[in-house]
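Visitor: Structure provided below as structure tokens; questions to follow.
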2 protein chains.
Amino acid sequence: MEKIISKYKGKFKLTPQRIAILKFLDNNTGHPTAEDIYNEIRKKYPTVSFATVYNTIQALKDRGELSEVTIDPQRKHFDPNLRPHHHIICTVCNRIGDIFTDFSAVLHLPEEILAEYTLTGNHIDFYGVCSECRTGKESMFQQ
Amino acid sequence: MEKIISKYKGKFKLTPQRIAILKFLDNNTGHPTAEDIYNEIRKKYPTVSFATVYNTIQALKDRGELSEVTIDPQRKHFDPNLRPHHHIICTVCNRIGDIFTDFSAVLHLPEEILAEYTLTGNHIDFYGVCSECRTGKESMFQQ
DNA sequence: TACTATCTTGGAACAATTCTATTATAGAAT
DNA sequence: ATTCTATAATAGAATTGTTCCAAGATAGTA
Ligand SMILES: [Mn+2]
Ligand SMILES: [Mn+2]
Ligand SMILES: [Zn+2]
Ligand SMILES: [Zn+2]
């Protein structure tokens, strides 16, 4: 927490609302939506507005400290972890988990694709069912 | 086209609007949005409504004949090709290309992930710059 | 302590999508 | 061919997620 404050000192105004947002996002691996952030901050600052949440998200994205995760067709999720990584989505509860393996070396693309595109990156969405969602219904997911 | 009509015969009502939509989607590799479909159908049926486009999309999804591509944070794209495949997005023009390589065998996940999830699938988004977007500015993309 | 650039806020605006009530029609039954 | 009815098309309202805006508040500096 002290680290958060010192990190942003002099870079952008640290208001109580922003500090609460930064605190919530710090090491947050839950891929929260704007609404998730809003609901959390509202606990401590009941009058916080969605505009503040979106403004802060935008400020952090502009500073390259937050990324947008496009997995959920309904809403945007955000990720404070900027280390390149992949995701795994539980198809039952929709929770998004992180996978820190670099697969670039094994993702050999066909020549025709390499001829047409200059590659810059890749992102994998794995799909599965998490252990919590399997509990009590193991049989449903056994092959 | 005849094939389309016979394929749907007796399964769902073939209206002129739906036939136009099916025709547009048949073998369409352009990953159109609802608006793309609407604009195309409107050429022939100027009074077609967005509701008809969305209704038909939904009917096709329900019948498992159209899938939704969640890549663009702004809007949904649709894909009539149900064969599992991956995508490559040009980061300049945002066009979405198809990649029909199955990487499952080389995507070895860490034990802790395999312990937590029952895997069911994967989808890769590759990023790059297409040849058209490179034209005249090759230098920008050379390493 | 005062100043001001920046931030917060509520609500309006917006864009994509879904819903609703009404009218029209494809395809089946006669 | 004509009638019938379940299903589809339509216009527009409603909903949802997100962005914009104008006014008042405040963090950080002087
Ligand atoms: Mn992540
Ligand atoms: Mn595709
Ligand atoms: Zn789950
Ligand atoms: Zn391009």
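By convention here, the chains of the structure tokens are called A, B, ... in the order presented, each chain's residues are numbered starting at 1, and ligands are numbered starting at 1 in the order presented.
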Could you list, as a ChimeraX atom specification, the residues of chain B having an atom within 9 Å of chain D when counting only C-alpha atoms (C1' of nucleotides)?
Guide: /B:12-13,15,17,47-49,51-52
Visitor: Residues contacting ligand 1 - anything with an atom at most 7 Å away, using only C-alpha atoms (C1' of nucleotides) and all ligand atoms - can you give me those as an NGL selection string?
Guide: :A and (29 or 31 or 79 or 81 or 85-87 or 97-98)
Visitor: Check which residues fall inside 8 Å of ligand 4 when counting only C-alpha atoms (C1' of nucleotides) and all ligand atoms, and print them as an mmCIF file with C-alpha atoms, in the first residue's frame.
Guide:
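Writing the result to result26.cif gives the following:
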```cif
data_model
loop_
_atom_site.group_PDB
_atom_site.id
_atom_site.type_symbol
_atom_site.label_atom_id
_atom_site.label_comp_id
_atom_site.auth_asym_id
_atom_site.auth_seq_id
_atom_site.Cartn_x
_atom_site.Cartn_y
_atom_site.Cartn_z
ATOM 1 C CA ILE B 89 -6.113 -9.792 -36.159
ATOM 2 C CA CYS B 90 -4.360 -7.054 -38.058
ATOM 3 C CA THR B 91 -3.633 -4.420 -35.446
ATOM 4 C CA VAL B 92 -3.861 -1.698 -38.095
ATOM 5 C CA CYS B 93 -7.087 -2.443 -40.009
ATOM 6 C CA ASN B 94 -8.588 -4.853 -37.453
ATOM 7 C CA ARG B 95 -9.460 -7.418 -40.091
ATOM 8 C CA VAL B 129 0.032 -6.493 -39.452
ATOM 9 C CA CYS B 130 -1.407 -7.657 -42.758
ATOM 10 C CA SER B 131 0.422 -7.172 -46.039
ATOM 11 C CA GLU B 132 -2.057 -4.571 -47.197
ATOM 12 C CA CYS B 133 -1.422 -2.460 -44.116
ATOM 13 C CA ARG B 134 2.322 -2.854 -44.549
#
```
Visitor: Please return as a PyMOL selection string: the residues of chain A that backbone DSSP assigns to helix (DSSP H, G or I).
Guide: chain A and resi 2-8+16-25+34-44+50-62+104-106+111-116+131-134+138-141
Visitor: Could you work out how far CA of Pro16 in chain A lies from CA of Lys44 in chain A, giving the answer in Å with one decimal?
Guide: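 CA of Pro16 in chain A lies 9.7 Å from CA of Lys44 in chain A.
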